[in-house]
file final17.cif (mmCIF, C-alpha atoms and all ligand atoms)
data_target
loop_
_atom_site.label_atom_id
_atom_site.label_comp_id
_atom_site.auth_asym_id
_atom_site.auth_seq_id
_atom_site.Cartn_x
_atom_site.Cartn_y
_atom_site.Cartn_z
CA MET I 1 0.00 0.00 0.00
CA LEU I 2 1.41 3.34 -1.04
CA LYS I 3 -1.36 5.38 0.56
CA GLY I 4 -0.12 7.64 3.33
CA ARG I 5 3.55 6.87 2.75
CA SER I 6 6.39 9.27 2.05
CA LEU I 7 8.92 9.00 -0.75
CA ILE I 8 12.38 9.92 0.47
CA GLU I 9 14.62 7.79 -1.74
CA PRO I 10 14.04 5.51 -4.74
CA GLY I 11 14.74 2.43 -2.61
CA ASP I 12 11.59 3.16 -0.57
CA LEU I 13 9.62 1.63 -3.44
CA SER I 14 9.54 -2.08 -4.22
CA LEU I 15 9.65 -3.24 -7.83
CA GLU I 16 5.93 -4.04 -7.60
CA GLU I 17 5.13 -0.55 -6.31
CA LEU I 18 7.22 0.98 -9.09
CA GLN I 19 5.29 -1.11 -11.58
CA GLU I 20 2.00 0.15 -10.11
CA ILE I 21 3.17 3.75 -10.49
CA PHE I 22 4.32 3.22 -14.08
CA GLU I 23 1.07 1.53 -15.08
CA LEU I 24 -0.95 4.39 -13.64
CA SER I 25 1.39 6.91 -15.32
CA GLU I 26 0.80 5.18 -18.63
CA GLU I 27 -2.98 5.46 -18.19
CA ILE I 28 -2.59 9.15 -17.44
CA VAL I 29 -0.40 9.66 -20.54
CA GLU I 30 -3.06 7.96 -22.66
CA THR I 31 -6.13 9.68 -21.22
CA PRO I 32 -5.08 12.73 -19.22
CA ALA I 33 -8.57 14.22 -19.31
CA ALA I 34 -9.94 11.32 -17.28
CA PHE I 35 -7.79 12.43 -14.36
CA LYS I 36 -8.53 16.12 -14.35
CA GLU I 37 -10.65 16.07 -11.20
CA VAL I 38 -9.35 13.13 -9.17
CA CYS I 39 -7.59 15.42 -6.68
CA LYS I 40 -10.33 18.04 -6.51
CA GLY I 41 -10.36 19.54 -3.04
CA LYS I 42 -6.84 18.34 -2.27
CA ILE I 43 -3.92 20.68 -1.59
CA LEU I 44 -0.23 20.12 -2.25
CA GLY I 45 2.21 21.98 0.02
CA SER I 46 5.17 22.97 -2.13
CA LEU I 47 8.13 23.71 0.15
CA PHE I 48 11.15 24.85 -1.83
CA TYR I 49 13.89 25.94 0.56
CA GLU I 50 16.05 26.62 -2.48
CA PRO I 51 14.91 27.52 -5.97
CA SER I 52 14.52 24.72 -8.49
CA THR I 53 12.11 26.04 -11.02
CA ARG I 54 12.10 22.97 -13.23
CA THR I 55 11.21 20.53 -10.45
CA ARG I 56 8.75 22.89 -8.79
CA LEU I 57 6.83 23.58 -11.99
CA SER I 58 6.65 19.87 -12.72
CA PHE I 59 5.10 19.12 -9.30
CA GLU I 60 2.76 22.08 -9.37
CA ALA I 61 1.59 21.31 -12.91
CA ALA I 62 1.04 17.70 -11.84
CA MET I 63 -1.21 18.76 -8.96
CA TYR I 64 -3.18 21.25 -11.08
CA ARG I 65 -3.69 18.65 -13.81
CA LEU I 66 -5.24 16.36 -11.20
CA GLY I 67 -7.67 19.12 -10.24
CA GLY I 68 -5.88 19.89 -6.97
CA GLN I 69 -4.38 23.11 -5.70
CA VAL I 70 -0.97 24.24 -4.50
CA ILE I 71 0.28 26.40 -1.62
CA GLY I 72 3.86 27.02 -0.51
CA PHE I 73 7.04 28.94 -1.14
CA SER I 74 9.71 28.84 -3.81
CA GLU I 75 12.73 29.98 -1.79
CA ALA I 76 13.56 30.08 1.89
CA SER I 77 13.93 33.86 2.10
CA SER I 78 10.25 34.40 1.38
CA SER I 79 9.08 32.09 4.14
CA SER I 80 9.05 31.83 7.89
CA VAL I 81 12.12 29.57 7.71
CA SER I 82 14.18 32.69 7.11
CA LYS I 83 13.06 33.66 10.61
CA GLY I 84 14.58 30.47 11.93
CA GLU I 85 11.57 28.17 12.16
CA SER I 86 12.51 24.51 12.48
CA ILE I 87 11.67 22.00 9.77
CA GLY I 88 9.44 20.16 12.23
CA ASP I 89 7.36 23.27 12.98
CA THR I 90 7.11 24.22 9.32
CA ILE I 91 5.89 20.80 8.24
CA LYS I 92 3.37 20.59 11.10
CA THR I 93 1.99 23.99 10.14
CA ILE I 94 1.73 22.98 6.48
CA GLY I 95 -0.12 19.89 7.67
CA CYS I 96 -2.91 22.13 8.95
CA TYR I 97 -3.59 23.21 5.37
CA ALA I 98 -2.26 20.61 2.95
CA ASP I 99 -2.92 16.92 2.29
CA ILE I 100 0.53 16.12 0.87
CA ALA I 101 3.83 18.00 0.66
CA VAL I 102 6.83 18.13 -1.60
CA MET I 103 10.13 19.42 -0.21
CA ARG I 104 13.34 20.66 -1.78
CA HIS I 105 16.11 21.52 0.66
CA PRO I 106 19.86 22.24 0.42
CA LYS I 107 20.62 20.03 3.43
CA GLU I 108 20.84 16.27 3.10
CA GLY I 109 18.15 14.39 4.97
CA ALA I 110 15.82 17.39 5.47
CA PRO I 111 12.81 15.73 3.79
CA LYS I 112 13.35 12.61 5.86
CA LEU I 113 13.37 14.73 8.99
CA ALA I 114 10.16 16.42 7.82
CA SER I 115 8.49 13.06 7.17
CA LYS I 116 9.09 12.10 10.80
CA TYR I 117 7.00 15.02 11.97
CA ALA I 118 4.33 14.79 9.28
CA ASN I 119 1.20 12.68 9.50
CA PHE I 120 0.74 12.99 5.73
CA PRO I 121 2.94 12.02 2.76
CA VAL I 122 6.14 13.97 2.13
CA ILE I 123 7.94 13.71 -1.22
CA ASN I 124 11.64 14.49 -1.47
CA ALA I 125 12.21 16.82 -4.42
CA GLY I 126 15.98 16.89 -3.93
CA ASP I 127 18.03 17.24 -0.74
CA GLY I 128 21.46 18.65 -1.54
CA GLY I 129 23.61 16.14 -3.35
CA HIS I 130 21.83 13.26 -1.66
CA GLN I 131 18.58 11.96 -3.21
CA HIS I 132 16.13 13.06 -5.88
CA PRO I 133 13.72 10.13 -6.23
CA THR I 134 11.25 11.74 -8.64
CA GLN I 135 14.08 12.38 -11.12
CA THR I 136 14.81 8.65 -10.97
CA LEU I 137 11.10 7.87 -11.41
CA THR I 138 11.07 10.18 -14.43
CA ASP I 139 14.02 8.36 -16.00
CA LEU I 140 12.50 4.97 -15.28
CA LEU I 141 9.09 5.90 -16.67
CA THR I 142 10.72 7.18 -19.86
CA ILE I 143 12.46 3.83 -20.29
CA TYR I 144 9.30 1.92 -19.38
CA LEU I 145 7.20 3.77 -21.94
CA LEU I 146 9.72 3.81 -24.76
CA LYS I 147 11.35 0.40 -24.26
CA ASN I 148 8.29 -1.41 -22.86
CA ASN I 149 10.24 -3.05 -20.05
CA PHE I 150 13.56 -2.91 -18.22
CA LEU I 151 14.92 -6.36 -18.87
CA ASN I 152 18.21 -6.97 -20.69
CA LEU I 153 18.73 -3.36 -21.72
CA LYS I 154 22.15 -1.97 -22.57
CA ILE I 155 22.38 1.52 -21.13
CA GLY I 156 25.27 3.91 -21.75
CA LEU I 157 25.85 6.71 -19.27
CA CYS I 158 28.05 9.45 -20.63
CA GLY I 159 29.80 12.50 -19.17
CA ASP I 160 30.34 13.37 -15.52
CA LEU I 161 29.77 10.05 -13.79
CA LYS I 162 31.69 10.99 -10.67
CA PHE I 163 29.56 13.77 -9.24
CA GLY I 164 26.28 13.12 -11.00
CA ARG I 165 23.70 12.14 -8.42
CA THR I 166 21.16 11.52 -11.18
CA VAL I 167 23.42 8.91 -12.74
CA HIS I 168 24.19 7.18 -9.45
CA SER I 169 20.51 6.85 -8.58
CA LEU I 170 19.59 5.63 -12.04
CA VAL I 171 22.32 2.98 -12.02
CA LYS I 172 21.18 1.77 -8.64
CA ALA I 173 17.55 1.68 -9.74
CA MET I 174 18.24 -0.07 -13.07
CA SER I 175 20.48 -2.65 -11.43
CA ARG I 176 17.38 -4.03 -9.70
CA TYR I 177 16.15 -5.35 -13.06
CA HIS I 178 17.38 -8.53 -14.65
CA GLY I 179 20.03 -8.54 -17.36
CA VAL I 180 20.68 -4.80 -17.52
CA GLU I 181 24.18 -3.89 -18.76
CA PHE I 182 25.88 -0.57 -18.04
CA TYR I 183 28.41 1.21 -20.23
CA PHE I 184 30.14 3.93 -18.25
CA ILE I 185 31.56 6.51 -20.65
CA SER I 186 33.59 9.27 -19.02
CA PRO I 187 36.95 11.03 -18.94
CA PRO I 188 39.39 9.48 -16.44
CA GLU I 189 38.82 12.43 -14.09
CA LEU I 190 35.12 11.76 -13.85
CA LEU I 191 34.85 8.00 -13.48
CA ILE I 192 31.88 6.34 -11.81
CA PRO I 193 32.75 5.92 -8.10
CA GLU I 194 33.95 2.57 -6.80
CA TYR I 195 31.11 2.29 -4.28
CA ILE I 196 28.56 2.38 -7.10
CA LYS I 197 30.40 -0.33 -9.03
CA ALA I 198 30.78 -2.39 -5.86
CA GLU I 199 27.04 -3.00 -5.86
CA LEU I 200 26.97 -4.21 -9.46
CA GLU I 201 27.74 -7.65 -10.76
CA GLN I 202 31.19 -7.81 -12.30
CA LYS I 203 29.97 -8.80 -15.75
CA SER I 204 27.18 -6.23 -15.88
CA TYR I 205 29.29 -3.15 -16.61
CA PHE I 206 31.97 -1.89 -18.95
CA GLU I 207 34.04 1.30 -18.65
CA THR I 208 35.42 3.35 -21.50
CA THR I 209 36.57 6.85 -22.35
CA GLU I 210 35.28 6.64 -25.93
CA LEU I 211 31.62 7.30 -26.65
CA THR I 212 31.90 6.23 -30.28
CA GLU I 213 33.40 2.89 -29.31
CA VAL I 214 30.27 1.63 -27.55
CA LEU I 215 27.55 3.68 -29.22
CA PRO I 216 26.50 0.93 -31.69
CA GLU I 217 25.77 -1.44 -28.78
CA LEU I 218 23.41 0.75 -26.82
CA ASP I 219 19.63 0.65 -26.37
CA ILE I 220 19.73 3.82 -24.26
CA LEU I 221 22.25 6.66 -24.14
CA TYR I 222 21.97 8.82 -21.03
CA MET I 223 23.90 12.06 -21.48
CA THR I 224 24.97 14.37 -18.63
CA ARG I 225 26.72 17.69 -18.37
CA VAL I 226 30.49 17.86 -18.18
CA GLN I 227 31.09 20.94 -16.10
CA ARG I 228 34.07 23.21 -16.56
CA GLU I 229 34.64 23.56 -12.79
CA ARG I 230 35.43 19.87 -12.52
CA PHE I 231 38.64 20.22 -14.52
CA ILE I 232 42.02 21.40 -13.39
CA SER I 233 42.86 23.21 -16.58
CA GLU I 234 40.86 24.92 -19.28
CA GLU I 235 42.84 23.06 -21.95
CA GLU I 236 42.00 19.73 -20.45
CA TYR I 237 38.33 20.70 -20.35
CA LEU I 238 38.23 21.79 -23.96
CA ARG I 239 40.10 18.71 -25.12
CA LEU I 240 37.75 16.32 -23.34
CA ARG I 241 34.52 18.17 -23.77
CA ASP I 242 34.29 17.57 -27.49
CA SER I 243 34.55 13.83 -27.22
CA TYR I 244 31.50 13.86 -24.97
CA ILE I 245 29.32 15.96 -27.24
CA LEU I 246 26.67 14.05 -29.07
CA ASP I 247 26.16 15.27 -32.64
CA LYS I 248 24.52 13.94 -35.78
CA LYS I 249 27.71 12.33 -37.03
CA LYS I 250 28.19 10.31 -33.87
CA LEU I 251 24.50 9.44 -33.69
CA ASN I 252 24.75 7.81 -37.14
CA LYS I 253 26.66 4.99 -35.49
CA ALA I 254 23.82 4.21 -33.07
CA LYS I 255 20.97 1.74 -33.44
CA LYS I 256 17.82 3.03 -35.11
CA GLU I 257 15.75 2.33 -32.01
CA MET I 258 18.21 3.65 -29.43
CA ILE I 259 16.90 6.50 -27.27
CA VAL I 260 18.91 9.54 -26.11
CA MET I 261 18.04 10.77 -22.63
CA HIS I 262 19.23 13.79 -20.63
CA PRO I 263 17.99 15.15 -17.28
CA LEU I 264 18.09 18.76 -18.64
CA PRO I 265 19.04 21.52 -18.64
CA ARG I 266 21.73 20.78 -21.18
CA VAL I 267 24.64 23.06 -21.89
CA SER I 268 26.46 21.88 -24.99
CA GLU I 269 26.73 18.13 -24.57
CA ILE I 270 24.00 17.45 -27.13
CA SER I 271 24.09 19.46 -30.37
CA GLU I 272 20.81 21.09 -31.26
CA GLU I 273 20.88 19.28 -34.60
CA VAL I 274 20.17 16.09 -32.65
CA ASP I 275 16.85 17.44 -31.32
CA ALA I 276 15.03 16.66 -34.57
CA ASP I 277 16.13 13.02 -34.54
CA PRO I 278 13.31 10.72 -33.37
CA ARG I 279 15.76 9.06 -30.99
CA ALA I 280 16.11 12.28 -28.99
CA VAL I 281 13.57 11.90 -26.19
CA TYR I 282 14.83 14.37 -23.57
CA PHE I 283 11.96 16.76 -24.01
CA ASP I 284 9.48 13.89 -23.74
CA GLN I 285 11.32 12.95 -20.59
CA ALA I 286 10.41 16.29 -19.00
CA ARG I 287 6.76 15.68 -19.91
CA TYR I 288 6.85 12.15 -18.49
CA GLY I 289 8.29 13.67 -15.32
CA MET I 290 5.03 15.48 -14.79
CA PHE I 291 2.95 12.37 -15.51
CA VAL I 292 4.91 10.22 -13.10
CA ARG I 293 4.49 12.88 -10.41
CA MET I 294 0.74 12.85 -11.07
CA ALA I 295 0.68 9.09 -10.59
CA LEU I 296 2.83 9.35 -7.47
CA ILE I 297 0.62 12.01 -5.88
CA MET I 298 -2.48 9.89 -6.58
CA LYS I 299 -0.91 6.76 -5.10
CA LEU I 300 0.36 8.48 -1.95
CA LEU I 301 -2.97 10.22 -1.42
CA GLY I 302 -4.78 6.98 -2.15
CA VAL I 303 -7.15 8.54 -4.68
CA GLU I 304 -8.44 6.51 -7.59
CA ILE I 305 -10.13 7.24 -10.83
CA ASP I 306 -13.88 6.55 -10.81
CA ALA I 307 -14.50 3.28 -12.57
CA MET H 3 50.39 -2.44 43.79
CA LEU H 4 48.50 0.78 43.97
CA ASN H 5 45.30 0.23 45.84
CA VAL H 6 42.07 2.08 45.63
CA ASN H 7 39.42 1.30 48.17
CA ILE H 8 37.05 -1.48 47.33
CA ILE H 9 33.73 0.12 46.60
CA LYS H 10 30.54 -0.85 48.41
CA LYS H 11 28.13 0.16 45.72
CA GLY H 12 28.73 1.27 42.16
CA ILE H 13 30.23 0.25 38.87
CA VAL H 14 33.59 -1.15 37.90
CA ILE H 15 34.53 -1.07 34.23
CA ASP H 16 37.03 -3.85 33.91
CA HIS H 17 39.30 -5.31 31.22
CA ILE H 18 39.80 -2.03 29.43
CA LYS H 19 42.67 -2.27 26.99
CA ALA H 20 45.66 -0.48 28.52
CA GLY H 21 45.69 3.07 27.22
CA SER H 22 41.96 3.29 26.42
CA GLY H 23 40.90 4.13 29.95
CA TYR H 24 41.38 7.85 29.63
CA LYS H 25 39.37 8.03 26.40
CA ILE H 26 36.48 6.16 27.98
CA PHE H 27 36.74 8.35 31.06
CA LYS H 28 36.47 11.44 28.91
CA GLU H 29 33.73 10.19 26.56
CA LEU H 30 31.60 9.10 29.52
CA LYS H 31 32.17 12.60 30.92
CA LEU H 32 33.30 11.14 34.23
CA HIS H 33 35.46 14.20 34.91
CA ARG H 34 32.18 15.99 35.48
CA ALA H 35 30.67 13.25 37.64
CA GLU H 36 29.59 14.16 41.14
CA HIS H 37 30.46 10.73 42.52
CA SER H 38 33.88 9.42 43.50
CA VAL H 39 35.51 8.15 40.37
CA ALA H 40 38.87 6.49 39.91
CA LEU H 41 40.76 5.81 36.73
CA LEU H 42 43.49 3.22 37.15
CA LYS H 43 46.03 2.85 34.41
CA ASN H 44 48.34 -0.06 33.64
CA VAL H 45 46.99 -2.39 36.28
CA MET H 46 48.61 -5.83 36.11
CA SER H 47 46.20 -8.55 35.10
CA ASP H 48 46.66 -12.25 34.33
CA LYS H 49 44.36 -12.19 31.37
CA MET H 50 45.77 -9.32 29.33
CA ASN H 51 49.01 -8.48 31.10
CA SER H 52 48.18 -4.87 31.65
CA LYS H 53 44.80 -3.20 31.67
CA ASP H 54 43.00 -0.03 32.62
CA LEU H 55 40.18 0.07 35.12
CA ILE H 56 37.51 2.59 36.07
CA LYS H 57 35.69 2.57 39.40
CA ILE H 58 32.62 4.65 39.99
CA GLU H 59 31.11 4.91 43.42
CA ASN H 60 27.30 4.93 43.70
CA GLU H 61 25.16 4.16 40.72
CA ILE H 62 25.11 6.34 37.74
CA ASP H 63 23.58 5.91 34.33
CA LEU H 64 26.29 4.72 32.01
CA ASN H 65 26.06 5.09 28.26
CA LEU H 66 26.97 1.52 27.37
CA ASP H 67 26.82 2.36 23.65
CA ILE H 68 29.79 4.69 23.95
CA LEU H 69 31.63 2.04 25.88
CA GLY H 70 30.78 -0.55 23.22
CA ILE H 71 32.15 1.65 20.47
CA ILE H 72 35.39 2.64 22.18
CA ALA H 73 36.15 -0.67 23.79
CA PRO H 74 33.88 -3.54 22.72
CA ASP H 75 35.57 -6.12 24.97
CA THR H 76 35.22 -4.44 28.32
CA THR H 77 33.17 -5.84 31.17
CA VAL H 78 30.95 -3.77 33.35
CA ASN H 79 30.60 -5.04 36.92
CA ILE H 80 27.72 -3.83 39.02
CA ILE H 81 28.68 -3.77 42.68
CA GLU H 82 26.29 -3.91 45.60
CA GLU H 83 27.27 -4.31 49.23
CA GLY H 84 30.84 -4.94 48.19
CA ASN H 85 30.00 -7.83 45.86
CA ILE H 86 29.71 -8.11 42.10
CA VAL H 87 25.99 -8.72 41.53
CA ARG H 88 25.99 -8.47 37.75
CA LYS H 89 28.53 -8.61 34.94
CA ILE H 90 27.57 -7.00 31.68
CA ALA H 91 29.54 -7.70 28.52
CA VAL H 92 29.51 -4.70 26.24
CA PRO H 93 29.25 -5.51 22.52
CA LEU H 94 29.81 -3.14 19.63
CA PRO H 95 26.24 -1.81 19.20
CA ASP H 96 24.40 -2.31 15.87
CA LYS H 97 22.44 0.88 16.32
CA VAL H 98 23.10 3.89 18.49
CA LYS H 99 20.85 6.85 19.24
CA GLY H 100 22.06 10.18 20.50
CA THR H 101 25.62 8.97 21.00
CA LEU H 102 27.24 9.97 17.72
CA SER H 103 26.95 13.16 15.76
CA CYS H 104 27.14 13.44 11.99
CA LYS H 105 30.33 14.92 10.61
CA ASN H 106 28.92 15.72 7.17
CA PRO H 107 28.56 19.53 7.10
CA ALA H 108 25.82 19.18 4.45
CA CYS H 109 23.68 17.03 6.76
CA VAL H 110 20.41 18.41 8.08
CA SER H 111 21.37 17.24 11.58
CA THR H 112 24.08 19.92 11.68
CA ILE H 113 21.56 22.77 11.40
CA GLU H 114 18.47 21.40 13.09
CA ASN H 115 18.25 20.58 16.75
CA ILE H 116 17.51 16.84 16.50
CA GLU H 117 17.54 14.66 19.57
CA ASN H 118 18.73 11.09 19.27
CA VAL H 119 19.93 10.87 15.68
CA GLU H 120 20.13 7.18 14.87
CA PHE H 121 23.31 5.64 13.45
CA THR H 122 23.58 2.11 12.08
CA LEU H 123 26.76 0.07 12.13
CA VAL H 124 28.04 -0.44 8.57
CA ASP H 125 31.69 -1.40 9.08
CA SER H 126 32.41 -3.19 12.34
CA GLY H 127 36.15 -3.48 11.64
CA ASN H 128 36.53 0.29 11.50
CA LYS H 129 33.57 1.02 13.80
CA LYS H 130 31.88 3.11 11.14
CA TYR H 131 28.26 4.13 11.51
CA LYS H 132 25.80 5.47 8.94
CA CYS H 133 23.75 8.59 9.62
CA GLU H 134 19.99 8.02 9.26
CA PHE H 135 19.52 11.36 7.49
CA CYS H 136 22.37 11.79 5.01
CA ASP H 137 23.70 8.19 4.85
CA SER H 138 27.29 9.38 5.30
CA TRP H 139 29.61 7.31 7.46
CA THR H 140 31.09 8.48 10.71
CA THR H 141 33.04 7.27 13.73
CA LEU H 142 33.08 8.32 17.37
ZN ZN I 401 24.17 13.00 8.53
#
call {"tool": "encode", "arguments": {"input": "final17.cif", "output": "structure tokens"}}
result
Amino acid sequence: MLKGRSLIEPGDLSLEELQEIFELSEEIVETPAAFKEVCKGKILGSLFYEPSTRTRLSFEAAMYRLGGQVIGFSEASSSSVSKGESIGDTIKTIGCYADIAVMRHPKEGAPKLASKYANFPVINAGDGGHQHPTQTLTDLLTIYLLKNNFLNLKIGLCGDLKFGRTVHSLVKAMSRYHGVEFYFISPPELLIPEYIKAELEQKSYFETTELTEVLPELDILYMTRVQRERFISEEEYLRLRDSYILDKKKLNKAKKEMIVMHPLPRVSEISEEVDADPRAVYFDQARYGMFVRMALIMKLLGVEIDA
Amino acid sequence: MLNVNIIKKGIVIDHIKAGSGYKIFKELKLHRAEHSVALLKNVMSDKMNSKDLIKIENEIDLNLDILGIIAPDTTVNIIEEGNIVRKIAVPLPDKVKGTLSCKNPACVSTIENIENVEFTLVDSGNKKYKCEFCDSWTTL
């Protein structure tokens, strides 16, 4: 039962519960109009202690599309927290008005702390560099909808694999499914951390510095930003950056049915010329993010569509 | 041998590895105790050659978790009327509450006043514990 529960990290959900959420998401994608009043009379508390416009808009749009309403704040300075109110007091106050809350916070573990005080569901919308479960749900739903299932997929993850929380969570989540193979594509400075690999089966991953080398193998290519600040020298950055830019020429080497994903916003790691290719699904991904949040809100609130 | 009066009622922490006594003394905040407390260092013992020993007169609440983390093989003897009435072996605890504090500056527990943060043992060899909020590992 998902009703009444909080979502703090992706591991809170069993594979069966994930499946339930994806099936409901798929129904919503197919017939969004059927869901436009299921959360009528319900209120989402949207507590953003730091700005994250993309995530906030996705949650708020999700609630509005279910017929619900939203209250909250979009940065700490505009709220009572700037006056030093504790997380516990804030969440209890929100509980007087809202039925469910979503929290973004710069400190790791803040949403978990909030969920201990709340007698209603709390969703973690990112806590520092720690967890961002709805980003992972978004990535998984995209794969579920476009690849039909998760089994035996070959997924390439390209770019900054060292610091990318999104990548770490996705690898962990995908490794729960049978036969998934990972191709870690990164410069030597930005390798996937040992502790992530330690949880994978030896034969299930392959590391390389060359995107073009493994591109023909992949069912999914997940691109991430390679940030300038991560490099010691500008020269080094410029030299490496280009090999991790996906353009039309490189994409020609990929399978016809491969999909290109990216958590957005992108900087330059995917050329705009790629956007028109049917394999580029990163803008769909953003849309699916809203649908999966709709399904999640419904499940945690325990509301169902009228039969 | 140096002799400290046999206590009538209280606690004796025995079989402390020589050299660890002072750390335990400090972590248990015994320097602030209002009872008579004695720390004996380098006491000769058959079992381990040389050991440290702490005697505390009258009963006080001991944080056995701290003891378990610093020195998992110590024995706590409860003394009543001059006799040992109970011996407690102190294991390395699997979970501790309120004993450790998180050393990750990005952790919510460093800015919020949270009582009894729970830590779970993740590496018994190195006595590393995982913070319930940020999942980072820490030691005493
Ligand atoms: Zn912590």
call {"tool": "residues_near_ligand", "arguments": {"input": "final17.cif", "ligand": "ligand ZN 401 (chain I)", "cutoff": "9 Å", "atoms": "only C-alpha atoms and all ligand atoms", "output": "tab-separated table (two decimals) with C-alpha atoms, in the coordinates of the input"}}
result
chain	number	residue	atom	x	y	z
I	108	GLU	CA	20.84	16.27	3.10
I	109	GLY	CA	18.15	14.39	4.97
H	103	SER	CA	26.95	13.16	15.76
H	104	CYS	CA	27.14	13.44	11.99
H	105	LYS	CA	30.33	14.92	10.61
H	106	ASN	CA	28.92	15.72	7.17
H	107	PRO	CA	28.56	19.53	7.10
H	108	ALA	CA	25.82	19.18	4.45
H	109	CYS	CA	23.68	17.03	6.76
H	110	VAL	CA	20.41	18.41	8.08
H	111	SER	CA	21.37	17.24	11.58
H	112	THR	CA	24.08	19.92	11.68
H	119	VAL	CA	19.93	10.87	15.68
H	121	PHE	CA	23.31	5.64	13.45
H	132	LYS	CA	25.80	5.47	8.94
H	133	CYS	CA	23.75	8.59	9.62
H	134	GLU	CA	19.99	8.02	9.26
H	135	PHE	CA	19.52	11.36	7.49
H	136	CYS	CA	22.37	11.79	5.01
H	137	ASP	CA	23.70	8.19	4.85
H	138	SER	CA	27.29	9.38	5.30
H	139	TRP	CA	29.61	7.31	7.46
H	140	THR	CA	31.09	8.48	10.71
call {"tool": "residues_around", "arguments": {"input": "final17.cif", "residues": "H:Ile26", "least_positions_apart": "2", "cutoff": "9 Å", "atoms": "all atoms listed in the file", "output": "list in words"}}
result
Ile18, Ser22, Gly23, Tyr24, Lys28, Glu29, Leu30, Lys31, Leu32, Ile56, Ile68, Leu69, Ile72 and Ala73 of chain H
call {"tool": "residues_around", "arguments": {"input": "final17.cif", "residues": "stretch 186-190 of chain I", "least_positions_apart": "3", "cutoff": "10 Å", "atoms": "all atoms listed in the file", "output": "list in words"}}
result
Leu157, Cys158, Gly159, Asp160, Leu161, Lys162, Phe163, Gly164, Tyr183, Pro193, Glu207, Thr208, Thr209, Glu210, Leu211, Val226, Arg230, Phe231, Ile232, Tyr237, Leu240, Arg241, Ser243 and Tyr244 of chain I
call {"tool": "residues_around", "arguments": {"input": "final17.cif", "residues": "I:Pro51", "least_positions_apart": "2", "cutoff": "8 Å", "atoms": "only C-alpha atoms", "output": "JSON, numbers by chain"}}
result
{"I": [48, 49, 53, 74, 75]}
call {"tool": "atom_distance", "arguments": {"input": "final17.cif", "atom1": "atom CA of I:Phe120", "atom2": "atom CA of I:Gly88"}}
result
13.0 Å
call {"tool": "atom_distance", "arguments": {"input": "final17.cif", "atom1": "atom CA of I:Phe206", "atom2": "atom CA of I:Glu257"}}
result
21.2 Å
call {"tool": "atom_distance", "arguments": {"input": "final17.cif", "atom1": "atom CA of I:Glu17", "atom2": "atom CA of I:Ile123"}}
result
15.4 Å
call {"tool": "interface_residues", "arguments": {"input": "final17.cif", "of": "chain I", "to": "chain H", "cutoff": "10 Å", "atoms": "only C-alpha atoms", "output": "list in words"}}
result
Gly84, Glu85, Ser86, Ile87, Gly88, His105, Pro106, Lys107, Glu108, Gly109, Ala110, Pro111, Lys112, Leu113, Asp127, Gly128, Gly129, His130 and Gln131 of chain I
call {"tool": "residues_around", "arguments": {"input": "final17.cif", "residues": "H:Gly100", "least_positions_apart": "5", "cutoff": "7 Å", "atoms": "all atoms listed in the file", "output": "list in words"}}
result
Glu117, Asn118, Val119 and Glu120 of chain H
call {"tool": "axis_aligned_box", "arguments": {"input": "final17.cif", "around": "stretch 139-142 of chain I", "padding_each_side": "5 Å", "output": "lines of an AutoDock Vina configuration file"}}
result
center_x = 11.6
center_y = 6.7
center_z = -17.6
size_x = 14.9
size_y = 13.4
size_z = 14.6
call {"tool": "residues_around", "arguments": {"input": "final17.cif", "residues": "I:Ala62", "least_positions_apart": "4", "cutoff": "7 Å", "atoms": "only C-alpha atoms", "output": "list in words"}}
result
Ser58, Leu66, Met290, Phe291, Arg293 and Met294 of chain I
call {"tool": "residues_near_point", "arguments": {"input": "final17.cif", "point": "(35.0, -1.3, 13.8)", "cutoff": "10 Å", "atoms": "all atoms listed in the file", "output": "list in words"}}
result
Ile71, Ile72, Pro74, Leu94, Leu123, Val124, Asp125, Ser126, Gly127, Asn128, Lys129, Lys130, Tyr131 and Thr141 of chain H
call {"tool": "write_last_selection", "arguments": {"input": "final17.cif", "atoms": "C-alpha atoms", "output": "JSON list (two decimals), in the coordinates of the input"}}
result
[["chain", "number", "residue", "atom", "x", "y", "z"],
["H", 71, "ILE", "CA", 32.15, 1.65, 20.47],
["H", 72, "ILE", "CA", 35.39, 2.64, 22.18],
["H", 74, "PRO", "CA", 33.88, -3.54, 22.72],
["H", 94, "LEU", "CA", 29.81, -3.14, 19.63],
["H", 123, "LEU", "CA", 26.76, 0.07, 12.13],
["H", 124, "VAL", "CA", 28.04, -0.44, 8.57],
["H", 125, "ASP", "CA", 31.69, -1.40, 9.08],
["H", 126, "SER", "CA", 32.41, -3.19, 12.34],
["H", 127, "GLY", "CA", 36.15, -3.48, 11.64],
["H", 128, "ASN", "CA", 36.53, 0.29, 11.50],
["H", 129, "LYS", "CA", 33.57, 1.02, 13.80],
["H", 130, "LYS", "CA", 31.88, 3.11, 11.14],
["H", 131, "TYR", "CA", 28.26, 4.13, 11.51],
["H", 141, "THR", "CA", 33.04, 7.27, 13.73]]
call {"tool": "residues_near_point", "arguments": {"input": "final17.cif", "point": "(33.8, 2.2, 38.5)", "cutoff": "6 Å", "atoms": "all atoms listed in the file", "output": "list in words"}}
result
Ile13, Val14, Ile15, Ile56, Lys57 and Ile58 of chain H
call {"tool": "closest_residue", "arguments": {"input": "final17.cif", "among": "I:Ile155, I:Ala114, I:Val281, I:Ala254", "to": "I:Phe184", "atoms": "only C-alpha atoms"}}
result
I:Ile155
call {"tool": "closest_residue", "arguments": {"input": "final17.cif", "among": "I:Val38, I:Leu200, I:Leu44, I:Thr136", "to": "I:Ile100", "atoms": "only C-alpha atoms"}}
result
I:Leu44
